[in-house]
$ cat target28.cif   # mmCIF, C-alpha atoms
data_protein
#
loop_
_atom_site.label_atom_id
_atom_site.label_comp_id
_atom_site.auth_asym_id
_atom_site.auth_seq_id
_atom_site.Cartn_x
_atom_site.Cartn_y
_atom_site.Cartn_z
CA MET H 1 67.22 -109.08 56.88
CA LYS H 2 66.02 -112.02 58.97
CA ILE H 3 69.26 -111.96 60.98
CA VAL H 4 68.82 -108.33 61.78
CA LYS H 5 65.22 -108.92 62.92
CA VAL H 6 66.18 -111.85 65.16
CA SER H 7 69.09 -109.91 66.58
CA ILE H 8 66.87 -106.93 67.37
CA ILE H 9 64.25 -109.14 69.04
CA LEU H 10 66.89 -110.90 71.11
CA ILE H 11 68.53 -107.61 72.11
CA VAL H 12 65.13 -106.19 73.11
CA ILE H 13 64.42 -109.29 75.18
CA ILE H 14 67.86 -109.17 76.81
CA VAL H 15 67.53 -105.45 77.53
CA LEU H 16 64.01 -105.93 78.97
CA LEU H 17 65.19 -108.85 81.06
CA ALA H 18 68.18 -106.89 82.31
CA THR H 19 65.99 -103.87 83.07
CA VAL H 20 63.43 -105.98 84.95
CA SER H 21 66.20 -107.72 86.86
CA ALA H 22 67.90 -104.47 87.70
CA GLY H 23 64.54 -102.97 88.82
CA GLY H 24 63.79 -106.04 90.90
CA TYR H 25 67.24 -105.89 92.49
CA TYR H 26 66.81 -102.25 93.24
CA VAL H 27 63.38 -102.75 94.91
CA LEU H 28 64.53 -105.77 96.90
CA ASN H 29 67.70 -103.99 97.93
CA GLN H 30 65.67 -101.02 99.06
CA SER H 31 63.42 -103.29 101.17
CA TYR H 32 66.47 -105.02 102.55
CA SER H 33 68.09 -101.73 103.46
CA GLU H 34 64.86 -100.45 105.03
CA LEU H 35 64.47 -103.63 107.05
CA LYS H 36 68.06 -103.46 108.21
CA HIS H 37 67.56 -99.83 109.16
CA GLU H 38 64.38 -100.67 111.06
CA LYS H 39 66.16 -103.51 112.81
CA GLN H 40 69.00 -101.17 113.70
CA CYS H 41 66.51 -98.65 115.07
CA LEU H 42 64.84 -101.35 117.15
CA GLU H 43 68.21 -102.49 118.46
CA ASN H 44 69.01 -98.93 119.43
CA GLU H 45 65.65 -98.67 121.16
CA VAL H 46 66.44 -101.90 123.03
CA LYS H 47 69.76 -100.41 124.12
CA ILE H 48 68.07 -97.23 125.33
CA THR H 49 65.40 -99.21 127.17
CA MET H 50 68.04 -101.45 128.72
CA ASN H 51 69.84 -98.35 129.94
CA GLN H 52 66.57 -97.09 131.36
CA ILE H 53 66.04 -100.41 133.12
CA ASN H 54 69.55 -100.23 134.54
CA ASN H 55 68.94 -96.68 135.73
CA SER H 56 65.55 -97.69 137.15
CA ASN H 57 67.12 -100.64 138.93
CA VAL H 58 69.74 -98.36 140.46
CA LYS H 59 66.95 -95.99 141.48
CA LEU H 60 64.94 -98.90 142.87
CA ASN H 61 67.93 -100.02 144.92
CA GLN H 62 68.45 -96.53 146.26
CA THR H 63 64.75 -96.18 147.05
CA GLU H 64 64.75 -99.54 148.82
CA ILE H 65 67.76 -98.46 150.86
CA GLU H 66 65.93 -95.21 151.70
CA LEU H 67 62.86 -97.19 152.72
CA GLU H 68 64.96 -99.48 154.86
CA GLN H 69 66.55 -96.49 156.61
CA HIS H 70 63.14 -94.92 157.22
CA GLU H 71 61.83 -98.22 158.54
CA ILE H 72 64.79 -98.48 160.90
CA SER H 73 64.15 -94.91 162.11
CA LEU H 74 60.46 -95.72 162.53
CA GLN H 75 61.28 -98.86 164.46
CA GLU H 76 63.69 -96.97 166.72
CA ASN H 77 61.15 -94.22 167.27
CA THR H 78 58.38 -96.68 167.95
CA SER H 79 60.42 -98.51 170.57
CA LYS H 80 61.46 -95.17 172.11
CA LEU H 81 57.81 -94.13 172.08
CA GLN H 82 56.77 -97.35 173.78
CA GLU H 83 59.47 -96.79 176.34
CA LEU H 84 58.19 -93.26 177.00
CA LYS H 85 54.61 -94.48 177.21
CA SER H 86 55.43 -97.34 179.50
CA GLY H 87 55.55 -97.05 183.26
CA ASP H 88 53.97 -98.15 186.49
CA LYS H 89 52.62 -96.56 189.64
CA TYR H 90 56.15 -95.48 190.55
CA HIS H 91 57.05 -94.12 187.11
CA LEU H 92 54.33 -91.80 185.89
CA HIS H 93 54.03 -89.40 183.00
CA ASP H 94 51.45 -86.89 181.90
CA PRO H 95 49.76 -88.66 179.01
CA LEU H 96 48.75 -87.70 175.52
CA TRP H 97 45.02 -87.44 174.90
CA SER H 98 45.34 -90.50 172.66
CA GLU H 99 46.76 -92.45 175.61
CA VAL H 100 43.80 -91.40 177.75
CA LEU H 101 41.40 -92.53 175.03
CA GLU H 102 43.23 -95.83 174.71
CA PHE H 103 43.08 -96.31 178.46
CA LEU H 104 39.33 -95.62 178.50
CA HIS H 105 38.83 -97.89 175.50
CA TYR H 106 40.29 -100.88 177.30
CA ASN H 107 38.95 -99.99 180.74
CA GLU H 108 36.51 -102.48 182.22
CA GLU H 109 36.33 -100.98 185.70
CA THR H 110 33.34 -99.01 186.94
CA ASP H 111 34.91 -97.95 190.21
CA ILE H 112 36.82 -94.66 190.09
CA GLN H 113 39.32 -95.78 192.71
CA LYS H 114 40.22 -98.88 190.69
CA MET H 115 40.29 -96.88 187.46
CA ILE H 116 42.83 -94.48 188.96
CA ASP H 117 44.89 -97.44 190.18
CA ASP H 118 44.75 -99.00 186.71
CA ALA H 119 45.77 -95.76 185.01
CA LYS H 120 48.68 -95.30 187.38
CA ASN H 121 49.73 -98.93 187.03
CA GLN H 122 50.07 -98.19 183.30
CA GLY H 123 52.25 -95.18 184.10
CA LEU H 124 49.56 -92.59 183.36
CA ARG H 125 49.48 -89.74 185.88
CA CYS H 126 45.85 -89.49 186.82
CA ALA H 127 44.11 -87.35 189.41
CA TYR H 128 41.15 -88.03 191.63
CA VAL H 129 38.98 -84.95 191.26
CA GLU H 130 36.19 -83.81 193.53
CA VAL H 131 33.81 -81.22 192.13
CA ILE H 132 32.11 -79.88 195.22
CA MET H 133 28.64 -78.40 195.23
CA GLU H 134 26.21 -77.66 198.01
CA LEU H 135 24.32 -80.74 196.88
CA GLY H 136 27.33 -82.99 197.24
CA VAL H 137 30.38 -84.10 195.35
CA PHE H 138 30.89 -85.31 191.80
CA GLU H 139 33.95 -87.49 191.39
CA LEU H 140 35.93 -87.12 188.15
CA LEU H 141 39.11 -88.41 186.60
CA GLY H 142 41.69 -85.77 185.76
CA PHE H 143 44.60 -85.96 183.32
CA ASN H 144 47.07 -83.19 182.61
CA THR H 145 47.46 -84.13 178.95
CA LEU H 146 50.45 -82.98 176.96
CA ASP H 147 48.37 -81.95 173.96
CA TYR H 148 45.06 -80.73 175.44
CA ASP H 149 46.16 -79.58 178.90
CA MET H 150 43.96 -80.55 181.84
CA VAL H 151 40.99 -82.75 180.98
CA TYR H 152 38.28 -83.90 183.35
CA LEU H 153 36.13 -86.95 182.64
CA GLU H 154 33.17 -88.58 184.29
CA TYR H 155 34.48 -92.01 185.18
CA ASP H 156 31.21 -93.81 184.42
CA THR H 157 30.09 -92.05 181.23
CA TYR H 158 33.46 -90.74 179.99
CA TYR H 159 31.75 -87.38 179.33
CA LEU H 160 34.22 -84.54 179.18
CA VAL H 161 33.65 -81.95 181.87
CA TYR H 162 34.93 -78.37 182.00
CA PRO H 163 34.25 -77.53 185.65
CA GLU H 164 34.42 -73.92 186.78
CA ILE H 165 33.67 -72.48 190.17
CA GLY H 166 30.42 -70.53 190.03
CA LEU H 167 28.95 -72.53 187.14
CA TYR H 168 26.26 -75.18 187.38
CA TYR H 169 27.70 -78.65 187.00
CA PHE H 170 25.38 -79.77 184.20
CA ASP H 171 26.36 -76.73 182.15
CA CYS H 172 29.99 -77.81 182.37
CA VAL H 173 29.49 -81.21 180.77
CA GLU H 174 30.39 -81.31 177.08
CA ASP H 175 27.43 -81.38 174.68
CA LEU H 176 25.05 -80.93 177.66
CA PRO H 177 23.95 -84.58 177.84
CA TYR H 178 22.03 -83.78 181.05
CA GLY H 179 20.49 -80.62 179.59
CA HIS H 180 20.92 -77.19 181.11
CA SER H 181 20.93 -76.73 184.86
CA ILE H 182 17.94 -74.99 186.35
CA PRO H 183 19.21 -71.82 188.03
CA GLU H 184 16.68 -72.22 190.81
CA TYR H 185 18.60 -75.28 191.98
CA ASN H 186 21.51 -73.39 193.48
CA ASP H 187 22.81 -76.53 195.13
CA MET H 188 24.22 -77.64 191.75
CA MET H 189 26.57 -74.67 191.57
CA ILE H 190 30.25 -75.63 191.79
CA THR H 191 31.88 -74.14 194.87
CA LYS H 192 35.21 -75.93 194.85
CA ILE H 193 37.31 -78.22 192.68
CA LEU H 194 39.85 -80.45 194.38
CA VAL H 195 42.49 -82.25 192.33
CA MET H 196 44.39 -85.00 194.12
CA TRP H 197 47.35 -86.36 192.15
CA MET Y 1 74.35 -123.73 60.38
CA ASN Y 2 73.37 -120.36 59.13
CA LYS Y 3 74.19 -117.17 60.86
CA SER Y 4 70.65 -116.45 62.07
CA LYS Y 5 70.47 -119.76 63.90
CA ILE Y 6 73.82 -119.08 65.59
CA ILE Y 7 72.66 -115.68 66.70
CA THR Y 8 69.41 -117.16 67.99
CA VAL Y 9 71.23 -119.84 69.99
CA ILE Y 10 73.66 -117.28 71.47
CA GLY Y 11 70.73 -114.98 72.27
CA VAL Y 12 68.80 -117.74 73.98
CA ILE Y 13 71.92 -118.75 75.95
CA ILE Y 14 72.37 -115.14 77.06
CA ILE Y 15 68.68 -114.86 78.00
CA VAL Y 16 68.75 -118.15 79.93
CA SER Y 17 72.00 -117.17 81.71
CA LEU Y 18 70.60 -113.76 82.49
CA SER Y 19 67.41 -115.33 83.81
CA MET Y 20 69.32 -117.79 85.97
CA VAL Y 21 71.57 -115.11 87.41
CA SER Y 22 68.52 -112.92 88.07
CA ALA Y 23 66.59 -115.78 89.71
CA SER Y 24 69.50 -116.76 91.92
CA GLY Y 25 70.04 -113.06 92.86
CA PHE Y 26 66.35 -112.69 93.70
CA TYR Y 27 66.48 -115.86 95.75
CA THR Y 28 69.55 -114.71 97.71
CA ILE Y 29 68.08 -111.28 98.43
CA SER Y 30 64.73 -112.82 99.41
CA GLN Y 31 66.54 -115.12 101.80
CA SER Y 32 68.41 -112.20 103.30
CA ILE Y 33 65.18 -110.25 103.64
CA SER Y 34 63.55 -113.20 105.41
CA VAL Y 35 66.49 -113.49 107.78
CA VAL Y 36 66.45 -109.77 108.56
CA GLU Y 37 62.66 -109.84 108.96
CA GLN Y 38 63.00 -112.69 111.45
CA GLN Y 39 65.77 -110.84 113.26
CA LYS Y 40 63.63 -107.73 113.32
CA LYS Y 41 60.75 -109.76 114.76
CA ASN Y 42 63.07 -111.16 117.43
CA VAL Y 43 64.31 -107.70 118.29
CA GLU Y 44 60.70 -106.47 118.49
CA ASP Y 45 59.80 -109.31 120.87
CA TYR Y 46 62.88 -108.61 122.94
CA LEU Y 47 62.00 -104.92 123.02
CA ASN Y 48 58.52 -105.81 124.24
CA ASP Y 49 60.03 -107.93 127.02
CA VAL Y 50 62.45 -105.19 127.93
CA ASN Y 51 59.62 -102.64 127.98
CA ASN Y 52 57.60 -104.95 130.20
CA ASN Y 53 60.57 -105.27 132.51
CA LEU Y 54 60.92 -101.53 132.58
CA SER Y 55 57.24 -101.19 133.47
CA VAL Y 56 57.66 -103.74 136.26
CA VAL Y 57 60.72 -101.97 137.66
CA ASN Y 58 58.99 -98.58 137.40
CA SER Y 59 55.92 -99.90 139.15
CA GLN Y 60 58.18 -101.37 141.86
CA ILE Y 61 59.79 -97.96 142.28
CA SER Y 62 56.35 -96.40 142.50
CA ASN Y 63 55.28 -98.94 145.15
CA VAL Y 64 58.43 -98.42 147.17
CA ASN Y 65 57.93 -94.66 146.93
CA ASN Y 66 54.36 -95.03 148.19
CA GLU Y 67 55.66 -97.18 151.00
CA ILE Y 68 58.26 -94.53 151.80
CA SER Y 69 55.54 -91.85 151.88
CA GLN Y 70 53.53 -93.96 154.32
CA VAL Y 71 56.56 -94.68 156.50
CA VAL Y 72 57.59 -91.00 156.45
CA GLU Y 73 54.05 -90.00 157.42
CA ASN Y 74 54.10 -92.46 160.33
CA LEU Y 75 57.58 -91.31 161.23
CA GLU Y 76 56.54 -87.64 161.31
CA GLU Y 77 53.52 -88.51 163.42
CA ASN Y 78 55.74 -90.56 165.73
CA ILE Y 79 58.30 -87.80 166.01
CA SER Y 80 55.70 -85.21 166.98
CA VAL Y 81 54.24 -87.61 169.58
CA LEU Y 82 57.74 -88.44 170.74
CA GLU Y 83 58.65 -84.77 171.09
CA MET Y 84 55.50 -84.13 173.08
CA LEU Y 85 56.16 -87.09 175.37
CA GLU Y 86 59.79 -86.10 175.79
CA SER Y 87 58.79 -82.56 176.67
CA GLY Y 88 56.45 -83.83 179.41
CA LYS Y 89 57.59 -84.23 182.97
CA ARG Y 90 58.40 -87.71 184.25
CA TYR Y 91 57.35 -88.46 187.79
CA GLU Y 92 59.45 -90.84 189.85
CA ILE Y 93 57.34 -91.81 192.85
CA HIS Y 94 58.37 -94.09 195.66
CA ASP Y 95 56.78 -95.57 198.74
CA PRO Y 96 58.52 -93.90 201.68
CA THR Y 97 59.94 -95.36 204.84
CA TYR Y 98 58.16 -94.46 208.04
CA SER Y 99 60.92 -91.99 208.91
CA ASP Y 100 60.58 -90.41 205.43
CA VAL Y 101 56.91 -89.77 206.25
CA ILE Y 102 57.73 -88.16 209.59
CA LYS Y 103 60.43 -86.06 207.94
CA PHE Y 104 58.12 -85.02 205.12
CA LEU Y 105 55.29 -84.04 207.48
CA ASN Y 106 57.68 -82.11 209.74
CA ASN Y 107 58.88 -80.10 206.76
CA ASP Y 108 55.42 -79.62 205.27
CA ASN Y 109 53.62 -76.56 206.58
CA THR Y 110 50.09 -77.37 205.43
CA ASN Y 111 49.00 -78.11 208.99
CA GLU Y 112 49.88 -74.54 209.97
CA LYS Y 113 47.22 -73.10 207.67
CA PRO Y 114 44.04 -71.87 209.31
CA TYR Y 115 41.01 -74.10 208.94
CA ASP Y 116 37.98 -72.55 207.25
CA ASP Y 117 34.88 -74.59 206.75
CA GLU Y 118 34.18 -72.91 203.40
CA THR Y 119 37.53 -72.02 201.89
CA PHE Y 120 40.03 -74.44 203.42
CA ASN Y 121 38.54 -77.46 205.10
CA CYS Y 122 39.65 -81.05 205.68
CA ALA Y 123 39.53 -81.93 201.96
CA ASP Y 124 41.76 -78.95 201.09
CA PHE Y 125 44.24 -79.99 203.76
CA ALA Y 126 44.34 -83.55 202.47
CA GLN Y 127 44.61 -82.39 198.85
CA GLU Y 128 47.53 -80.10 199.63
CA VAL Y 129 49.50 -82.65 201.65
CA ASN Y 130 48.83 -85.32 199.00
CA ASN Y 131 50.04 -83.09 196.17
CA ASN Y 132 53.04 -81.79 198.15
CA ALA Y 133 54.10 -85.38 198.80
CA GLU Y 134 53.73 -86.26 195.11
CA GLU Y 135 55.88 -83.26 194.15
CA GLN Y 136 58.62 -84.65 196.37
CA GLY Y 137 58.28 -88.08 194.83
CA ILE Y 138 56.50 -89.59 197.82
CA ARG Y 139 53.52 -91.79 197.02
CA CYS Y 140 50.59 -90.60 199.08
CA ALA Y 141 46.89 -91.42 199.08
CA TYR Y 142 43.96 -89.10 199.59
CA VAL Y 143 41.64 -90.90 201.99
CA GLY Y 144 37.92 -90.16 201.87
CA VAL Y 145 36.32 -91.05 205.18
CA ASN Y 146 32.57 -91.38 205.52
CA LEU Y 147 31.38 -90.44 208.99
CA SER Y 148 28.09 -91.24 210.64
CA CYS Y 149 27.01 -87.59 210.44
CA GLY Y 150 26.93 -87.87 206.63
CA ILE Y 151 29.61 -85.21 206.16
CA PRO Y 152 32.71 -86.73 204.62
CA HIS Y 153 36.12 -86.22 206.11
CA ALA Y 154 39.54 -86.53 204.45
CA CYS Y 155 42.99 -87.54 205.59
CA VAL Y 156 46.10 -88.94 203.90
CA ALA Y 157 47.90 -92.28 203.84
CA PHE Y 158 51.37 -93.57 202.97
CA ASP Y 159 52.29 -97.16 202.14
CA THR Y 160 55.56 -97.25 204.06
CA THR Y 161 58.17 -99.80 203.14
CA ASP Y 162 58.81 -100.70 206.79
CA ASN Y 163 55.50 -100.14 208.63
CA GLY Y 164 52.86 -100.77 205.97
CA ILE Y 165 50.03 -98.28 205.44
CA VAL Y 166 49.98 -95.38 207.85
CA TYR Y 167 47.29 -92.69 208.02
CA TYR Y 168 47.77 -89.08 209.01
CA GLU Y 169 45.43 -86.22 209.82
CA PRO Y 170 46.70 -83.40 207.59
CA GLN Y 171 45.28 -80.62 209.77
CA SER Y 172 47.49 -81.58 212.68
CA ASP Y 173 50.00 -84.12 211.28
CA GLU Y 174 48.79 -86.57 213.93
CA LYS Y 175 48.87 -90.28 213.19
CA VAL Y 176 45.50 -91.95 212.68
CA ASN Y 177 44.70 -95.59 213.39
CA LEU Y 178 41.80 -95.65 211.00
CA GLU Y 179 39.19 -98.25 211.83
CA ILE Y 180 35.60 -98.63 210.72
CA GLY Y 181 33.10 -98.35 213.60
CA LYS Y 182 35.34 -96.16 215.72
CA ASP Y 183 35.14 -92.46 216.53
CA TYR Y 184 37.54 -90.78 214.11
CA TRP Y 185 38.74 -88.10 216.50
CA ALA Y 186 38.38 -89.73 219.92
CA ASP Y 187 39.49 -93.30 219.06
CA CYS Y 188 41.61 -93.14 215.94
CA ILE Y 189 43.80 -90.06 216.32
CA VAL Y 190 47.01 -90.82 218.17
CA VAL Y 191 47.25 -87.73 220.37
CA SER Y 192 50.20 -86.44 222.34
CA PRO Y 193 50.17 -87.42 225.99
CA GLY Y 194 47.77 -85.26 227.99
CA TYR Y 195 45.63 -84.37 224.96
CA TYR Y 196 42.35 -85.87 223.86
CA TYR Y 197 39.43 -85.32 221.48
CA GLU Y 198 35.87 -85.37 222.68
CA ARG Y 199 33.76 -88.30 221.66
CA ASP Y 200 30.88 -87.59 219.31
CA PRO Y 201 28.42 -90.12 217.83
CA ASP Y 202 28.50 -88.13 214.56
CA TRP Y 203 32.14 -88.99 213.98
CA ILE Y 204 31.88 -92.76 213.79
CA ILE Y 205 33.71 -94.07 210.74
CA GLU Y 206 31.35 -95.90 208.38
CA ASP Y 207 33.88 -96.60 205.66
CA PHE Y 208 36.85 -95.07 203.94
CA THR Y 209 38.47 -95.15 200.49
CA LEU Y 210 42.06 -94.63 199.48
CA TYR Y 211 42.80 -92.81 196.23
CA TRP Y 212 46.46 -93.37 195.39
#
$ encode --input "target28.cif" --output "structure tokens"
Amino acid sequence: MKIVKVSIILIVIIVLLATVSAGGYYVLNQSYSELKHEKQCLENEVKITMNQINNSNVKLNQTEIELEQHEISLQENTSKLQELKSGDKYHLHDPLWSEVLEFLHYNEETDIQKMIDDAKNQGLRCAYVEVIMELGVFELLGFNTLDYDMVYLEYDTYYLVYPEIGLYYFDCVEDLPYGHSIPEYNDMMITKILVMW
Amino acid sequence: MNKSKIITVIGVIIIVSLSMVSASGFYTISQSISVVEQQKKNVEDYLNDVNNNLSVVNSQISNVNNEISQVVENLEENISVLEMLESGKRYEIHDPTYSDVIKFLNNDNTNEKPYDDETFNCADFAQEVNNNAEEQGIRCAYVGVNLSCGIPHACVAFDTTDNGIVYYEPQSDEKVNLEIGKDYWADCIVVSPGYYYERDPDWIIEDFTLYW
């Protein structure tokens, strides 16, 4: 009877131990498999990201080449532009309004004759303009701009003037900085506009 | 030894063996798990680096694209300015020889126009000759002459390559030896033999200005 009891106890212990071991193996194996799977997933992700980087690098190279080509075009255009803008008193061109503004910005002269000389020395075609009234003559600078057509400017104030025969001079100055002309003063009426290129 | 002792010993041996096998199995699997965990950690770190690299490359692409946009904008602006400048007329002007001036004035008919104090006076004559010369590529100056009478007069000038600056009266195409203090008509105009202009104290030249 004792033998049977001992045998049963031992068998129970062995079975329990085997069951616990098997369970432990199973759980650990599961974890191991999961970890391996996760690692595999991460490795795949790395591969995908590496591919993306390669693609992005190719794209970056292409974009850099595109930029380089645009920069070359810009450089060529800029030098062509400078060539077109350049000139002297023997090689003139009708300017852009921006060129006129640039000229006025850097102008230090207060004498219209010298200003016209300076403009022409820079290749800008510039006219000496006489706005004739009974009272006398107003001298203006004239430019036949490519973008705003003919523009007239007071050489000392740089006010834009839109002279028209029959109108009073002050009414022709942009933003009326001198106020309106008084109609009683007929001698301020423009009778003639002379443009000497 | 009785049977129960033998069974007990065998049982214990089995249990101990089983325990040892289990422990060593557990140990091996734990080791493997640790290794895989470490590998997983390494892969995660590497992935982070790779993702950072990707971000850097993408941001570089974005920067280059922005740069391209800016360059394209400048380029478009340049092209429109360029087209405008190219469409504009270029003026090739030259200083003429003295004979060029004579030839030009002989061919120019401005002097044949009738003088009208209101509608076509000296300034109109000078303007027209000046602009006609410019159209033909000849550099010409409009000359404003202040006379003693207070009424301004106008003539034209050419900076000839062989005879220096020469002045001309555009109403008659006569040469003018312009000189301050002299009578414009009587002293300065070079008249044809047998012709003359009457002297007048109102026509004394006070000063003159050339507008090229």
$ atom_distance --input "target28.cif" --atom1 "atom CA of Y:Ile79" --atom2 "atom CA of Y:Gln60"
27.7 Å
$ interface_residues --input "target28.cif" --of "chain Y" --to "chain H" --cutoff "6 Å" --atoms "all atoms listed in the file" --output "ChimeraX atom specification"
/Y:4,11,15,22,33,40,47,54,61,68,75,82,90-94,127,131,211
$ resolve_selection --input "target28.cif" --expression "the PyMOL selection byres ((chain H and resi 185) around 12)" --output "list in words"
Met133, Glu134, Leu135, Leu167, Tyr168, Tyr169, Phe170, His180, Ser181, Ile182, Pro183, Glu184, Asn186, Asp187, Met188, Met189 and Ile190 of chain H
$ residues_near_point --input "target28.cif" --point "(58.5, -88.0, 205.9)" --cutoff "12 Å" --atoms "all atoms listed in the file" --output "ChimeraX atom specification"
/Y:94-108,129,132-134,136-140,157-160,166,168,173
$ atom_distance --input "target28.cif" --atom1 "atom CA of Y:Ile151" --atom2 "atom CA of Y:Trp203"
9.0 Å
$ atom_distance --input "target28.cif" --atom1 "atom CA of Y:Met84" --atom2 "atom CA of H:Ala119"
19.3 Å
$ residues_around --input "target28.cif" --residues "Y:Gly150" --least-positions-apart "5" --cutoff "12 Å" --atoms "only C-alpha atoms" --output "PyMOL selection string"
(chain H and resi 136) or (chain Y and resi 145+201-207)
$ residues_near_point --input "target28.cif" --point "(38.1, -87.3, 186.1)" --cutoff "7 Å" --atoms "all atoms listed in the file" --output "PyMOL selection string"
chain H and resi 127-129+139-142+152-155
$ residues_around --input "target28.cif" --residues "Y:Trp185" --least-positions-apart "3" --cutoff "7 Å" --atoms "all atoms listed in the file" --output "list in words"
Cys188, Ile189 and Tyr197 of chain Y
$ decode --input "target28.cif" --residues "stretch 100-168 of chain Y" --atoms "C-alpha atoms" --output "CSV table (one decimal), in the first residue's frame"
chain,number,residue,atom,x,y,z
Y,100,ASP,CA,27.1,114.8,-92.4
Y,101,VAL,CA,25.6,117.9,-90.8
Y,102,ILE,CA,25.4,119.8,-94.1
Y,103,LYS,CA,24.0,116.8,-95.8
Y,104,PHE,CA,21.4,116.2,-93.1
Y,105,LEU,CA,20.3,119.9,-93.1
Y,106,ASN,CA,20.1,120.0,-96.9
Y,107,ASN,CA,17.8,116.9,-96.8
Y,108,ASP,CA,15.7,118.2,-93.9
Y,109,ASN,CA,12.8,120.3,-94.9
Y,110,THR,CA,12.0,121.9,-91.5
Y,111,ASN,CA,13.4,125.2,-92.6
Y,112,GLU,CA,10.8,125.4,-95.4
Y,113,LYS,CA,7.9,125.4,-92.9
Y,114,PRO,CA,6.2,128.8,-92.3
Y,115,TYR,CA,7.1,130.6,-89.1
Y,116,ASP,CA,4.1,131.3,-86.8
Y,117,ASP,CA,4.7,133.0,-83.5
Y,118,GLU,CA,2.0,131.0,-81.8
Y,119,THR,CA,1.9,127.7,-83.6
Y,120,PHE,CA,5.3,127.1,-85.0
Y,121,ASN,CA,8.0,129.3,-83.6
Y,122,CYS,CA,11.8,129.0,-83.1
Y,123,ALA,CA,11.4,126.3,-80.4
Y,124,ASP,CA,9.2,124.2,-82.7
Y,125,PHE,CA,11.8,124.5,-85.4
Y,126,ALA,CA,14.6,123.5,-83.1
Y,127,GLN,CA,12.5,120.6,-81.7
Y,128,GLU,CA,11.7,119.3,-85.1
Y,129,VAL,CA,15.3,119.4,-86.4
Y,130,ASN,CA,16.6,117.9,-83.2
Y,131,ASN,CA,14.2,115.0,-83.3
Y,132,ASN,CA,14.6,114.5,-87.1
Y,133,ALA,CA,18.4,114.2,-86.5
Y,134,GLU,CA,17.9,111.7,-83.7
Y,135,GLU,CA,15.7,109.6,-85.9
Y,136,GLN,CA,18.5,109.4,-88.4
Y,137,GLY,CA,21.0,108.5,-85.7
Y,138,ILE,CA,22.6,111.9,-85.6
Y,139,ARG,CA,23.3,113.3,-82.1
Y,140,CYS,CA,21.9,116.8,-82.0
Y,141,ALA,CA,21.4,119.3,-79.2
Y,142,TYR,CA,18.5,121.6,-78.6
Y,143,VAL,CA,20.1,124.9,-77.7
Y,144,GLY,CA,18.1,127.3,-75.5
Y,145,VAL,CA,19.4,130.9,-76.0
Y,146,ASN,CA,18.5,133.6,-73.6
Y,147,LEU,CA,18.3,137.0,-75.3
Y,148,SER,CA,18.4,140.4,-73.7
Y,149,CYS,CA,14.8,141.0,-74.5
Y,150,GLY,CA,13.8,138.2,-72.1
Y,151,ILE,CA,12.2,136.1,-74.8
Y,152,PRO,CA,14.1,132.9,-75.3
Y,153,HIS,CA,15.3,131.7,-78.6
Y,154,ALA,CA,16.2,128.2,-79.7
Y,155,CYS,CA,18.6,126.7,-82.2
Y,156,VAL,CA,20.4,123.4,-82.6
Y,157,ALA,CA,24.0,122.1,-82.3
Y,158,PHE,CA,26.0,119.1,-83.5
Y,159,ASP,CA,29.3,117.9,-81.9
Y,160,THR,CA,31.1,117.1,-85.2
Y,161,THR,CA,33.9,114.7,-85.2
Y,162,ASP,CA,36.1,117.0,-87.4
Y,163,ASN,CA,35.0,120.6,-86.5
Y,164,GLY,CA,33.9,120.3,-82.9
Y,165,ILE,CA,30.5,121.8,-81.9
Y,166,VAL,CA,28.7,123.7,-84.6
Y,167,TYR,CA,25.4,125.6,-84.2
Y,168,TYR,CA,22.7,126.0,-86.7
